>>> print(open('model25.pdb').read())   # PDB, C-alpha atoms
ATOM      1  CA  MET A  12     132.356  91.243  80.468
ATOM      2  CA  SER A  13     131.752  89.661  77.116
ATOM      3  CA  SER A  14     127.997  89.242  77.270
ATOM      4  CA  GLY A  15     125.270  90.934  79.200
ATOM      5  CA  SER A  16     122.507  93.486  79.145
ATOM      6  CA  SER A  17     122.169  97.215  79.413
ATOM      7  CA  ILE A  18     120.933  98.590  82.716
ATOM      8  CA  SER A  19     117.523  99.383  81.183
ATOM      9  CA  GLU A  20     117.247  95.807  79.863
ATOM     10  CA  VAL A  21     118.126  94.430  83.311
ATOM     11  CA  ARG A  22     115.443  96.613  84.913
ATOM     12  CA  ARG A  23     112.779  95.409  82.463
ATOM     13  CA  ARG A  24     113.808  91.768  82.687
ATOM     14  CA  TYR A  25     113.754  91.590  86.484
ATOM     15  CA  GLY A  26     110.903  94.032  87.080
ATOM     16  CA  ILE A  27     113.038  96.645  88.841
ATOM     17  CA  LYS A  28     110.867  99.753  88.992
ATOM     18  CA  GLY A  29     113.263 102.356  90.415
ATOM     19  CA  GLY A  30     115.195 104.222  87.748
ATOM     20  CA  ASP A  31     118.380 104.417  89.799
ATOM     21  CA  THR A  32     118.175 101.098  91.652
ATOM     22  CA  VAL A  33     120.705  99.238  89.533
ATOM     23  CA  GLN A  34     123.055 102.241  89.346
ATOM     24  CA  ASP A  35     122.835 102.700  93.146
ATOM     25  CA  TYR A  36     123.605  98.998  93.660
ATOM     26  CA  ILE A  37     126.639  99.257  91.392
ATOM     27  CA  LYS A  38     127.893 102.364  93.230
ATOM     28  CA  LYS A  39     127.246 100.799  96.659
ATOM     29  CA  PHE A  40     129.441  97.828  95.864
ATOM     30  CA  GLY A  41     132.236  99.932  94.386
ATOM     31  CA  ARG A  42     131.806  98.941  90.778
ATOM     32  CA  GLU A  43     131.285 102.370  89.254
ATOM     33  CA  ASP A  44     133.455 101.210  86.359
ATOM     34  CA  LEU A  45     130.421  99.165  85.286
ATOM     35  CA  LEU A  46     128.040 102.112  84.975
ATOM     36  CA  ASN A  47     128.764 102.682  81.284
ATOM     37  CA  LYS A  48     129.154  98.999  80.444
ATOM     38  CA  VAL A  49     126.876  96.072  79.823
ATOM     39  CA  VAL A  50     126.257  94.092  83.011
ATOM     40  CA  ARG A  51     125.058  90.482  83.093
ATOM     41  CA  ILE A  52     122.825  89.630  86.029
ATOM     42  CA  GLU A  53     121.645  86.048  86.440
ATOM     43  CA  MET A  54     118.892  84.475  88.483
ATOM     44  CA  LYS A  55     119.638  81.322  90.464
ATOM     45  CA  GLY A  56     119.852  78.330  88.158
ATOM     46  CA  GLU A  57     120.332  80.349  84.962
ATOM     47  CA  GLN A  58     123.982  79.347  84.653
ATOM     48  CA  ASP A  59     123.109  75.663  85.095
ATOM     49  CA  ARG A  60     120.313  75.968  82.523
ATOM     50  CA  LEU A  61     122.669  77.719  80.100
ATOM     51  CA  LYS A  62     125.246  74.925  80.479
ATOM     52  CA  GLN A  63     122.530  72.307  79.898
ATOM     53  CA  LEU A  64     121.320  74.095  76.756
ATOM     54  CA  GLU A  65     124.883  74.367  75.450
ATOM     55  CA  LYS A  66     125.364  70.626  76.060
ATOM     56  CA  GLU A  67     122.106  69.843  74.211
ATOM     57  CA  LEU A  68     123.100  72.131  71.332
ATOM     58  CA  LYS A  69     126.452  70.380  70.994
ATOM     59  CA  ALA A  70     124.773  66.950  70.963
ATOM     60  CA  THR A  71     122.272  68.167  68.349
ATOM     61  CA  LYS A  72     125.052  69.509  66.131
ATOM     62  CA  ILE A  73     126.905  66.191  66.368
ATOM     63  CA  ALA A  74     123.727  64.230  65.536
ATOM     64  CA  LEU A  75     123.055  66.506  62.562
ATOM     65  CA  ALA A  76     126.618  66.073  61.301
ATOM     66  CA  GLU A  77     126.317  62.282  61.580
ATOM     67  CA  LYS A  78     122.992  62.236  59.702
ATOM     68  CA  THR A  79     124.414  64.519  57.019
ATOM     69  CA  MET A  80     127.305  62.093  56.506
ATOM     70  CA  VAL A  81     124.842  59.185  56.183
ATOM     71  CA  VAL A  82     122.793  61.085  53.588
ATOM     72  CA  ASP A  83     125.951  61.976  51.655
ATOM     73  CA  ALA A  84     127.094  58.337  51.715
ATOM     74  CA  LEU A  85     123.698  57.136  50.493
ATOM     75  CA  GLU A  86     123.720  59.704  47.682
ATOM     76  CA  ILE A  87     127.123  58.401  46.560
ATOM     77  CA  LEU A  88     125.870  54.811  46.798
ATOM     78  CA  ILE A  89     122.835  55.655  44.627
ATOM     79  CA  GLU A  90     125.069  57.422  42.115
ATOM     80  CA  LYS A  91     127.410  54.407  41.885
ATOM     81  CA  ALA A  92     124.471  51.988  41.580
ATOM     82  CA  ASN A  93     122.971  54.119  38.798
ATOM     83  CA  LEU A  94     126.250  53.958  36.866
ATOM     84  CA  HIS A  95     126.674  50.215  37.465
ATOM     85  CA  TYR A  96     123.088  49.250  36.531
ATOM     86  CA  GLU A  97     122.654  52.046  33.945
ATOM     87  CA  THR A  98     119.447  53.244  35.532
ATOM     88  CA  ASP A  99     118.060  56.015  37.737
ATOM     89  CA  ILE A 100     117.092  54.475  41.070
ATOM     90  CA  LYS A 101     115.457  57.698  42.300
ATOM     91  CA  LYS A 102     113.052  57.761  39.328
ATOM     92  CA  ILE A 103     112.220  54.070  39.788
ATOM     93  CA  GLY A 104     111.299  54.725  43.424
ATOM     94  CA  GLN A 105     109.077  57.667  42.479
ATOM     95  CA  LYS A 106     106.976  55.614  40.019
ATOM     96  CA  GLN A 107     105.708  53.331  42.787
TER
END
>>> encode(input="model25.pdb", output="structure tokens")
Amino acid sequence: MSSGSSISEVRRRYGIKGGDTVQDYIKKFGREDLLNKVVRIEMKGEQDRLKQLEKELKATKIALAEKTMVVDALEILIEKANLHYETDIKKIGQKQ
């Protein structure tokens, strides 16, 4: 399991009061190999929400990359215009 929580974190997160509840559950279902490992427990809908957030993050990264390219292109355009017109367009804009 690549990501998850410790048993104590799971207990706090889901309000499990009994100290051995999670360990007993693991033993009951024959997964004693998980007792010394991090276990990820999800509530209903968490996986869908995680997928939605990952999709939104990807779209945000793409939008940021596109805007960064536009800014870079405009910086180059300003630089070329400054050389062509022998001026500093940024300073002209600041005086107004």
>>> atom_distance(input="model25.pdb", atom1="atom CA of Ala76 of chain A", atom2="atom CA of Ile103 of chain A")
28.5 Å
>>> atom_distance(input="model25.pdb", atom1="atom CA of His95 of chain A", atom2="atom CA of Asp83 of chain A")
18.4 Å
>>> atom_distance(input="model25.pdb", atom1="atom CA of Lys91 of chain A", atom2="atom CA of Ala74 of chain A")
25.9 Å
